[in-house]
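Inspection log for the structure reproduced underneath, given as structure tokens.
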Amino acid sequence: MRWIFVLSGVALAYGMAMPAVAATWQVDAAHSTLEFTNSYQDVRYTGQFKRFTAKIDYDPADLAHAKFDVGVDITSLDTQNSERDHAALGANFFDAAKFPRAHFVTTAFHKGAGGTVVADGTLTLRGISKPVELQVRFAPHGDDATLDVTTQLKRLDFGIGSGQWADTSLIGDRVTVHGHLVMTRAASTQAPSH
Amino acid sequence: MLLRSTEGGWGPVVRAFHWLVAVLIVAQGAIGLVMVDMGLTPAKLRVFALHKSIGLTILALVLLRIAWRLTERRPTDPPAMPHWQRRMARAMHIALYLLILALPLSGWWFNSAANAPLVWFGLFDVPSLTHGYAPAWKPRALLLHEALFWLLVALLVVHVGAALWHHFKQRDDVLKRMLLGPRRKSGDT
């Protein structure tokens with residue numbers, strides 16, 4: 001009899017026993033990145049937040065039930081320049097002591113120009129919440145998928161660098177954010193195979 | 001040829017290089033000493049950018065200066081100068097050339113290791129010497145840059161002291177023949 005239980009367990013683990021109810025994805029943090037590009041003294045540089053969490057429900061055929069919920073540990077900032085990181089986390093910029101986390105959550109998804117998917121959501125950064133649109137590119141490979149999201153932000157919209165630091169000739173206002181998520185279909189929601 | 005140095009004195013090109021580089025080095029040293037104590041403001045970042053641009057300018061001028069010097073003779077030493085002093089003077093000048101090359105190079109190295117931007121007077125990007133951030137080299141490059149600076153200060157004190165000594169104690173033309181203005185020939189005093 002024991003082999004029956006073993007087989008049932010295997011079947012459950014592969015999701016064969018359950019129909020797909022939602023497309024929930026587990027994010028592989030080790031292979032996922034959250035990067036941004038900005039300019040400093042007219043030289044472009046890229047930074048990243050090394051620690052973030054992302055809850056992803058996404059099925060391109062069912063955008064009504066899609067949802068992204070992303071939390072970012074601001075203190076995990078890394079721009080490959082320790083002085084710049086230190087300054088960026090200080091009160092003049094991200095003020096990480098007061099606002100250690102940023103949060104993005106989607107409110108709706110819609111189709112953009114050329115059939116692309118756009119996620120509408122709210123970004124809360126440095127205590128300021130603003131609507132933000134993400135360009136979404138989803139590439140499934142069986143039970144794995146990659147999700148690339150891109151958006152353009154303005155640092156001054158979120159009070160990152162005020163007063164004398166609002167000078168955009170020194171530090172550019174426009175920031176391009178790019179998230180690259182490597183994901184696996186969550187076990188309980190795997191599509192029935194075969 | 002009028003631009004060249006002769007047996008009797010330095011040519012105008014050498015003298016122009018000498019004083020241009022001298023003025024830039026004094027300004028550069030003063031800016032460097034002031035900027036490190038500034039609080040973090042946009043002004044500080046601009047002063048750092050200026051220091052880097054002047055440093056690259058000095059590096060380019062010194063390379064041109066050495067190239068020029070290699071093509072021409074040096075004036076003869078005052079006849080009263082003993083052999084050991086001539087050797088010391090040559091060694092001192094070679095050391096000064098090496099230092100004013102090494103100082104901007106060490107600054108460029110430090111800037112590269114720190115992954116800071118390097119744009120010559122806002123006009124063009126200068127490449128990194130370390131292919132990006134190299135935190136392990138950063139403290140070493142900074143220490144080298146500072147050590148070379150203080151070594152240069154010490155050698156410049158000797159250099160200026162020797163020039164004044166030649167002029168006021170020896171009463172020879174070693175200082176005068178480096179001054180700007182119409183060419184002075186030895187024996188014109």
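As shown in the structure tokens, the chain order sets the letters A, B, ...; within each chain, residues go from 1, and ligands are also counted from 1 in the order they appear.
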When the cut-off is 10 Å and we count only C-alpha atoms, which residues of chain A are near chain B, given as a PDB file with all heavy atoms, in the first residue's frame?
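Contents of result.pdb, as written:
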ATOM      1  N   SER A  39      21.976  59.008 -14.266  1.00  0.00           N
ATOM      2  CA  SER A  39      23.231  59.624 -14.683  1.00  0.00           C
ATOM      3  C   SER A  39      23.771  60.496 -13.561  1.00  0.00           C
ATOM      4  O   SER A  39      23.016  61.089 -12.788  1.00  0.00           O
ATOM      5  CB  SER A  39      23.035  60.458 -15.946  1.00  0.00           C
ATOM      6  OG  SER A  39      22.188  61.551 -15.676  1.00  0.00           O
ATOM      7  N   TYR A  40      25.098  60.530 -13.467  1.00  0.00           N
ATOM      8  CA  TYR A  40      25.792  61.346 -12.477  1.00  0.00           C
ATOM      9  C   TYR A  40      26.936  62.023 -13.217  1.00  0.00           C
ATOM     10  O   TYR A  40      27.749  61.345 -13.853  1.00  0.00           O
ATOM     11  CB  TYR A  40      26.307  60.456 -11.336  1.00  0.00           C
ATOM     12  CG  TYR A  40      27.264  61.151 -10.406  1.00  0.00           C
ATOM     13  CD1 TYR A  40      26.916  62.339  -9.776  1.00  0.00           C
ATOM     14  CD2 TYR A  40      28.518  60.619 -10.153  1.00  0.00           C
ATOM     15  CE1 TYR A  40      27.795  62.975  -8.940  1.00  0.00           C
ATOM     16  CE2 TYR A  40      29.408  61.243  -9.309  1.00  0.00           C
ATOM     17  CZ  TYR A  40      29.046  62.426  -8.707  1.00  0.00           C
ATOM     18  OH  TYR A  40      29.928  63.066  -7.877  1.00  0.00           O
ATOM     19  N   GLN A  41      26.965  63.358 -13.155  1.00  0.00           N
ATOM     20  CA  GLN A  41      27.928  64.139 -13.937  1.00  0.00           C
ATOM     21  C   GLN A  41      27.903  63.690 -15.393  1.00  0.00           C
ATOM     22  O   GLN A  41      28.941  63.501 -16.030  1.00  0.00           O
ATOM     23  CB  GLN A  41      29.340  64.028 -13.342  1.00  0.00           C
ATOM     24  CG  GLN A  41      29.438  64.751 -12.010  1.00  0.00           C
ATOM     25  CD  GLN A  41      30.832  64.725 -11.408  1.00  0.00           C
ATOM     26  OE1 GLN A  41      31.757  64.163 -11.962  1.00  0.00           O
ATOM     27  NE2 GLN A  41      30.968  65.347 -10.254  1.00  0.00           N
ATOM     28  N   ASP A  42      26.679  63.480 -15.891  1.00  0.00           N
ATOM     29  CA  ASP A  42      26.445  63.086 -17.283  1.00  0.00           C
ATOM     30  C   ASP A  42      27.013  61.715 -17.640  1.00  0.00           C
ATOM     31  O   ASP A  42      27.124  61.371 -18.818  1.00  0.00           O
ATOM     32  CB  ASP A  42      26.976  64.144 -18.261  1.00  0.00           C
ATOM     33  CG  ASP A  42      26.146  65.408 -18.207  1.00  0.00           C
ATOM     34  OD1 ASP A  42      24.921  65.303 -17.989  1.00  0.00           O
ATOM     35  OD2 ASP A  42      26.708  66.499 -18.372  1.00  0.00           O
ATOM     36  N   VAL A  43      27.397  60.935 -16.656  1.00  0.00           N
ATOM     37  CA  VAL A  43      27.855  59.575 -16.917  1.00  0.00           C
ATOM     38  C   VAL A  43      26.785  58.615 -16.400  1.00  0.00           C
ATOM     39  O   VAL A  43      26.355  58.716 -15.248  1.00  0.00           O
ATOM     40  CB  VAL A  43      29.201  59.292 -16.214  1.00  0.00           C
ATOM     41  CG1 VAL A  43      29.650  57.866 -16.471  1.00  0.00           C
ATOM     42  CG2 VAL A  43      30.262  60.272 -16.697  1.00  0.00           C
ATOM     43  N   ARG A  44      26.342  57.725 -17.273  1.00  0.00           N
ATOM     44  CA  ARG A  44      25.316  56.769 -16.840  1.00  0.00           C
ATOM     45  C   ARG A  44      25.919  55.722 -15.909  1.00  0.00           C
ATOM     46  O   ARG A  44      27.051  55.283 -16.115  1.00  0.00           O
ATOM     47  CB  ARG A  44      24.717  56.070 -18.063  1.00  0.00           C
ATOM     48  CG  ARG A  44      23.730  56.946 -18.822  1.00  0.00           C
ATOM     49  CD  ARG A  44      23.486  56.398 -20.199  1.00  0.00           C
ATOM     50  NE  ARG A  44      22.796  55.118 -20.156  1.00  0.00           N
ATOM     51  CZ  ARG A  44      21.472  55.002 -20.000  1.00  0.00           C
ATOM     52  NH1 ARG A  44      20.723  56.068 -19.871  1.00  0.00           N
ATOM     53  NH2 ARG A  44      20.909  53.820 -19.981  1.00  0.00           N
ATOM     54  N   TYR A  45      25.170  55.376 -14.884  1.00  0.00           N
ATOM     55  CA  TYR A  45      25.616  54.309 -14.007  1.00  0.00           C
ATOM     56  C   TYR A  45      24.399  53.454 -13.668  1.00  0.00           C
ATOM     57  O   TYR A  45      23.251  53.901 -13.796  1.00  0.00           O
ATOM     58  CB  TYR A  45      26.250  54.866 -12.721  1.00  0.00           C
ATOM     59  CG  TYR A  45      25.272  55.538 -11.803  1.00  0.00           C
ATOM     60  CD1 TYR A  45      24.650  54.817 -10.772  1.00  0.00           C
ATOM     61  CD2 TYR A  45      24.919  56.864 -11.989  1.00  0.00           C
ATOM     62  CE1 TYR A  45      23.722  55.423  -9.943  1.00  0.00           C
ATOM     63  CE2 TYR A  45      23.989  57.476 -11.171  1.00  0.00           C
ATOM     64  CZ  TYR A  45      23.400  56.756 -10.152  1.00  0.00           C
ATOM     65  OH  TYR A  45      22.477  57.357  -9.344  1.00  0.00           O
ATOM     66  N   THR A  79      25.520  50.602  -5.915  1.00  0.00           N
ATOM     67  CA  THR A  79      25.826  51.236  -7.202  1.00  0.00           C
ATOM     68  C   THR A  79      27.294  51.044  -7.573  1.00  0.00           C
ATOM     69  O   THR A  79      27.820  51.773  -8.406  1.00  0.00           O
ATOM     70  CB  THR A  79      25.512  52.751  -7.178  1.00  0.00           C
ATOM     71  OG1 THR A  79      26.447  53.398  -6.300  1.00  0.00           O
ATOM     72  CG2 THR A  79      24.092  53.038  -6.728  1.00  0.00           C
ATOM     73  N   GLN A  80      27.960  50.089  -6.914  1.00  0.00           N
ATOM     74  CA  GLN A  80      29.369  49.828  -7.204  1.00  0.00           C
ATOM     75  C   GLN A  80      30.230  51.063  -6.931  1.00  0.00           C
ATOM     76  O   GLN A  80      31.133  51.397  -7.700  1.00  0.00           O
ATOM     77  CB  GLN A  80      29.543  49.378  -8.663  1.00  0.00           C
ATOM     78  CG  GLN A  80      28.829  48.078  -8.979  1.00  0.00           C
ATOM     79  CD  GLN A  80      29.595  46.886  -8.438  1.00  0.00           C
ATOM     80  OE1 GLN A  80      30.662  46.538  -8.938  1.00  0.00           O
ATOM     81  NE2 GLN A  80      29.072  46.259  -7.401  1.00  0.00           N
ATOM     82  N   ASN A  81      29.905  51.733  -5.838  1.00  0.00           N
ATOM     83  CA  ASN A  81      30.693  52.893  -5.437  1.00  0.00           C
ATOM     84  C   ASN A  81      30.259  53.192  -4.012  1.00  0.00           C
ATOM     85  O   ASN A  81      29.155  53.678  -3.777  1.00  0.00           O
ATOM     86  CB  ASN A  81      30.394  54.073  -6.370  1.00  0.00           C
ATOM     87  CG  ASN A  81      31.121  55.348  -5.952  1.00  0.00           C
ATOM     88  OD1 ASN A  81      31.360  55.589  -4.780  1.00  0.00           O
ATOM     89  ND2 ASN A  81      31.463  56.159  -6.930  1.00  0.00           N
ATOM     90  N   SER A  82      31.119  52.861  -3.031  1.00  0.00           N
ATOM     91  CA  SER A  82      30.682  52.893  -1.637  1.00  0.00           C
ATOM     92  C   SER A  82      30.324  54.303  -1.177  1.00  0.00           C
ATOM     93  O   SER A  82      29.388  54.486  -0.402  1.00  0.00           O
ATOM     94  CB  SER A  82      31.748  52.272  -0.729  1.00  0.00           C
ATOM     95  OG  SER A  82      32.988  52.906  -0.944  1.00  0.00           O
ATOM     96  N   GLU A  83      31.049  55.334  -1.660  1.00  0.00           N
ATOM     97  CA  GLU A  83      30.718  56.713  -1.263  1.00  0.00           C
ATOM     98  C   GLU A  83      29.330  57.085  -1.787  1.00  0.00           C
ATOM     99  O   GLU A  83      28.538  57.712  -1.087  1.00  0.00           O
ATOM    100  CB  GLU A  83      31.730  57.722  -1.818  1.00  0.00           C
ATOM    101  CG  GLU A  83      33.055  57.754  -1.067  1.00  0.00           C
ATOM    102  CD  GLU A  83      34.070  56.846  -1.691  1.00  0.00           C
ATOM    103  OE1 GLU A  83      33.751  56.217  -2.724  1.00  0.00           O
ATOM    104  OE2 GLU A  83      35.184  56.746  -1.143  1.00  0.00           O
ATOM    105  N   ARG A  84      29.088  56.712  -3.031  1.00  0.00           N
ATOM    106  CA  ARG A  84      27.793  57.053  -3.631  1.00  0.00           C
ATOM    107  C   ARG A  84      26.659  56.331  -2.897  1.00  0.00           C
ATOM    108  O   ARG A  84      25.615  56.919  -2.617  1.00  0.00           O
ATOM    109  CB  ARG A  84      27.806  56.682  -5.113  1.00  0.00           C
ATOM    110  CG  ARG A  84      26.523  57.056  -5.839  1.00  0.00           C
ATOM    111  CD  ARG A  84      26.723  57.104  -7.332  1.00  0.00           C
ATOM    112  NE  ARG A  84      27.187  55.841  -7.868  1.00  0.00           N
ATOM    113  CZ  ARG A  84      27.811  55.734  -9.049  1.00  0.00           C
ATOM    114  NH1 ARG A  84      28.052  56.804  -9.772  1.00  0.00           N
ATOM    115  NH2 ARG A  84      28.209  54.550  -9.481  1.00  0.00           N
ATOM    116  N   ALA A  87      26.040  58.027   0.419  1.00  0.00           N
ATOM    117  CA  ALA A  87      25.344  59.299   0.240  1.00  0.00           C
ATOM    118  C   ALA A  87      23.887  59.067  -0.165  1.00  0.00           C
ATOM    119  O   ALA A  87      22.979  59.740   0.323  1.00  0.00           O
ATOM    120  CB  ALA A  87      26.063  60.144  -0.813  1.00  0.00           C
ATOM    121  N   GLN A 164      19.482  71.724  -2.663  1.00  0.00           N
ATOM    122  CA  GLN A 164      20.596  71.878  -3.609  1.00  0.00           C
ATOM    123  C   GLN A 164      20.826  70.603  -4.433  1.00  0.00           C
ATOM    124  O   GLN A 164      21.413  70.662  -5.517  1.00  0.00           O
ATOM    125  CB  GLN A 164      21.874  72.263  -2.868  1.00  0.00           C
ATOM    126  CG  GLN A 164      22.281  71.258  -1.795  1.00  0.00           C
ATOM    127  CD  GLN A 164      23.479  71.733  -0.994  1.00  0.00           C
ATOM    128  OE1 GLN A 164      24.119  72.703  -1.359  1.00  0.00           O
ATOM    129  NE2 GLN A 164      23.784  71.054   0.100  1.00  0.00           N
ATOM    130  N   TRP A 165      20.321  69.458  -3.942  1.00  0.00           N
ATOM    131  CA  TRP A 165      20.503  68.197  -4.677  1.00  0.00           C
ATOM    132  C   TRP A 165      19.442  68.000  -5.759  1.00  0.00           C
ATOM    133  O   TRP A 165      19.451  66.995  -6.454  1.00  0.00           O
ATOM    134  CB  TRP A 165      20.503  67.006  -3.717  1.00  0.00           C
ATOM    135  CG  TRP A 165      21.669  67.028  -2.797  1.00  0.00           C
ATOM    136  CD1 TRP A 165      21.658  67.322  -1.469  1.00  0.00           C
ATOM    137  CD2 TRP A 165      23.025  66.760  -3.138  1.00  0.00           C
ATOM    138  NE1 TRP A 165      22.932  67.262  -0.972  1.00  0.00           N
ATOM    139  CE2 TRP A 165      23.788  66.915  -1.966  1.00  0.00           C
ATOM    140  CE3 TRP A 165      23.681  66.407  -4.329  1.00  0.00           C
ATOM    141  CZ2 TRP A 165      25.177  66.728  -1.940  1.00  0.00           C
ATOM    142  CZ3 TRP A 165      25.063  66.219  -4.305  1.00  0.00           C
ATOM    143  CH2 TRP A 165      25.791  66.383  -3.120  1.00  0.00           C
ATOM    144  N   ALA A 166      18.493  68.969  -5.845  1.00  0.00           N
ATOM    145  CA  ALA A 166      17.500  68.878  -6.910  1.00  0.00           C
ATOM    146  C   ALA A 166      18.113  69.250  -8.260  1.00  0.00           C
ATOM    147  O   ALA A 166      17.477  69.090  -9.297  1.00  0.00           O
ATOM    148  CB  ALA A 166      16.322  69.796  -6.602  1.00  0.00           C
ATOM    149  N   ASP A 167      19.345  69.732  -8.245  1.00  0.00           N
ATOM    150  CA  ASP A 167      20.061  70.118  -9.463  1.00  0.00           C
ATOM    151  C   ASP A 167      20.255  68.893 -10.369  1.00  0.00           C
ATOM    152  O   ASP A 167      21.048  67.996 -10.073  1.00  0.00           O
ATOM    153  CB  ASP A 167      21.418  70.692  -9.035  1.00  0.00           C
ATOM    154  CG  ASP A 167      22.273  71.118 -10.215  1.00  0.00           C
ATOM    155  OD1 ASP A 167      21.888  70.838 -11.370  1.00  0.00           O
ATOM    156  OD2 ASP A 167      23.321  71.726  -9.971  1.00  0.00           O
ATOM    157  N   LEU A 170      23.682  67.727 -12.241  1.00  0.00           N
ATOM    158  CA  LEU A 170      24.676  66.904 -11.540  1.00  0.00           C
ATOM    159  C   LEU A 170      24.188  65.461 -11.448  1.00  0.00           C
ATOM    160  O   LEU A 170      24.901  64.525 -11.798  1.00  0.00           O
ATOM    161  CB  LEU A 170      24.906  67.477 -10.136  1.00  0.00           C
ATOM    162  CG  LEU A 170      26.089  66.917  -9.370  1.00  0.00           C
ATOM    163  CD1 LEU A 170      27.392  67.261 -10.074  1.00  0.00           C
ATOM    164  CD2 LEU A 170      26.107  67.481  -7.954  1.00  0.00           C
ATOM    165  N   ILE A 171      22.957  65.295 -10.967  1.00  0.00           N
ATOM    166  CA  ILE A 171      22.359  63.961 -10.858  1.00  0.00           C
ATOM    167  C   ILE A 171      21.066  64.001 -11.666  1.00  0.00           C
ATOM    168  O   ILE A 171      20.175  64.798 -11.367  1.00  0.00           O
ATOM    169  CB  ILE A 171      22.056  63.599  -9.393  1.00  0.00           C
ATOM    170  CG1 ILE A 171      23.341  63.661  -8.559  1.00  0.00           C
ATOM    171  CG2 ILE A 171      21.423  62.209  -9.304  1.00  0.00           C
ATOM    172  CD1 ILE A 171      23.094  63.562  -7.072  1.00  0.00           C
TER     173      ILE A 171
END
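The gap separating CA of Phe149 (chain B) from CA of Ile31 (chain B) is 12.5 Å, in Å to one decimal.
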Problem set entry | DSSP-assigned strand (DSSP E or B) among chain A, expressed as a PyMOL selection string | chain A and resi 24-27+33-40+43-49+52-57+67-73+77-78+101-111+117-125+128-141+144-154+171+174-185
For this session: Please provide the set of residues having any atom within 8 Å of region 108-111 of chain A, restricted to only C-alpha atoms, with same-chain residues fewer than 4 positions apart removed, written as number ranges by chain.
Result: A: 63-64, 66-67, 115-121
For this session: Using backbone DSSP assignments, extract all alpha helix (DSSP H) residues from region 28-181 of chain B; output them as number ranges by chain.
Result: B: 28-35, 42-70, 83-113, 138-164
Exercise. Could you name the residues that touch Leu34 (chain A) at 6 Å or less, counting only C-alpha atoms, but leaving out those on the same chain fewer than 6 positions away, as an NGL selection string?
Worked result: :A and (48-49 or 178-179)
